[in-house]
Amino acid sequence: MSDAVCHCFTSFRLLWKFPVSTSEGDRGVTVDRRDFIVFTALKQKSSRAAAMSSTSKKYSSFVSEPMLNKSVRAVPGVGDTLGRRLETKQYSQATNMLGAYLQNGGSEEKFTQWMKDTCGANKSQAARSHQALSEWSNNNL
């Protein structure tokens, strides 16, 4: 089966095409139900792995490591521009931002508004930062 080419459609119809040399050209051979079930299980497993890998390296390392003396730019959702703005407002360390998160009671709405007011973050950036700080707090506090 290693020479087979797999075609998968969104309706999970599966067709394995084996190279067949005939005078009529290539033909396709439909796989039986057992192979379809195995393929579906593998596809679901790879979908879960893809969903888990959708978190960035920055996010993964932030939530899994102590903050120590990390820059505010290490917080997911905060890039160079937002980091510079936060630093001018005396939020140069990730721990300062964690303090703001805790002062807002962990509320996504309040924290998002704080980020908008403090550094001009958009909703997506603020949500990403909130999610990371929330997960870090759950893991470490």
# chains A, B, ... in the order shown; residues from 1 in each chain; ligands from 1
>>> residues_around(residues="Val72 in chain A", least_positions_apart="3", cutoff="12 Å", atoms="only C-alpha atoms", output="PyMOL selection string")
chain A and resi 62+67-69+75-100+119+129+133
>>> residues_around(residues="Asn139 in chain A", least_positions_apart="4", cutoff="12 Å", atoms="only C-alpha atoms", output="list in words")
Phe62, Val63, Ser64, Glu65, Pro66, Met67, Ala132, Leu133, Ser134 and Glu135 of chain A
>>> write_last_selection(atoms="all heavy atoms", output="compact mmCIF listing (two decimals), in the first residue's frame")
# COMPACT_ATOMS: atom_id res chain seq x y z
N PHE A 62 5.67 30.60 27.26
CA PHE A 62 5.20 31.55 28.28
C PHE A 62 4.41 30.84 29.37
O PHE A 62 4.65 31.05 30.55
CB PHE A 62 4.37 32.67 27.66
CG PHE A 62 3.87 33.65 28.68
CD1 PHE A 62 4.70 34.65 29.16
CD2 PHE A 62 2.58 33.56 29.18
CE1 PHE A 62 4.26 35.56 30.12
CE2 PHE A 62 2.12 34.46 30.14
CZ PHE A 62 2.96 35.45 30.61
N VAL A 63 3.45 30.02 28.97
CA VAL A 63 2.57 29.40 29.97
C VAL A 63 3.26 28.27 30.73
O VAL A 63 2.81 27.90 31.82
CB VAL A 63 1.24 28.89 29.35
CG1 VAL A 63 0.46 30.04 28.78
CG2 VAL A 63 1.47 27.81 28.34
N SER A 64 4.34 27.74 30.22
CA SER A 64 4.98 26.59 30.88
C SER A 64 6.21 26.97 31.71
O SER A 64 6.73 26.13 32.42
CB SER A 64 5.38 25.55 29.83
OG SER A 64 6.37 26.08 28.96
N GLU A 65 6.67 28.20 31.63
CA GLU A 65 7.88 28.61 32.34
C GLU A 65 7.56 29.68 33.38
O GLU A 65 6.60 30.42 33.23
CB GLU A 65 8.91 29.16 31.36
CG GLU A 65 9.38 28.17 30.32
CD GLU A 65 10.25 28.80 29.25
OE1 GLU A 65 10.43 30.04 29.26
OE2 GLU A 65 10.74 28.06 28.40
N PRO A 66 8.41 29.79 34.41
CA PRO A 66 8.24 30.89 35.37
C PRO A 66 8.46 32.24 34.68
O PRO A 66 9.21 32.33 33.72
CB PRO A 66 9.32 30.65 36.42
CG PRO A 66 9.89 29.31 36.14
CD PRO A 66 9.50 28.92 34.76
N MET A 67 7.82 33.28 35.18
CA MET A 67 7.96 34.60 34.56
C MET A 67 9.32 35.22 34.82
O MET A 67 9.89 35.84 33.94
CB MET A 67 6.86 35.54 35.05
CG MET A 67 5.60 35.36 34.31
SD MET A 67 4.51 36.74 34.59
CE MET A 67 2.97 35.99 34.21
N ALA A 132 -3.30 33.70 27.76
CA ALA A 132 -1.99 33.26 28.24
C ALA A 132 -1.82 33.54 29.73
O ALA A 132 -1.34 32.68 30.48
CB ALA A 132 -0.89 33.94 27.44
N LEU A 133 -2.20 34.73 30.17
CA LEU A 133 -2.07 35.07 31.59
C LEU A 133 -3.00 34.22 32.45
O LEU A 133 -2.64 33.81 33.55
CB LEU A 133 -2.34 36.55 31.81
CG LEU A 133 -1.26 37.49 31.26
CD1 LEU A 133 -1.75 38.93 31.23
CD2 LEU A 133 0.02 37.37 32.07
N SER A 134 -4.18 33.93 31.93
CA SER A 134 -5.13 33.07 32.64
C SER A 134 -4.56 31.66 32.80
O SER A 134 -4.59 31.08 33.89
CB SER A 134 -6.45 33.04 31.87
OG SER A 134 -7.36 32.16 32.49
N GLU A 135 -4.04 31.11 31.70
CA GLU A 135 -3.47 29.77 31.77
C GLU A 135 -2.24 29.74 32.67
O GLU A 135 -2.05 28.82 33.46
CB GLU A 135 -3.12 29.26 30.37
CG GLU A 135 -2.70 27.80 30.36
CD GLU A 135 -2.53 27.22 28.98
OE1 GLU A 135 -3.15 27.72 28.01
OE2 GLU A 135 -1.79 26.23 28.87
>>> closest_residue(among="A:Ala74, A:Glu108, A:Ser137, A:Lys57", to="Lys123 in chain A", atoms="only C-alpha atoms")
A:Glu108
>>> residues_around(residues="Met115 in chain A", least_positions_apart="5", cutoff="7 Å", atoms="only C-alpha atoms", output="list in words")
Gly120, Ala121 and Ala126 of chain A
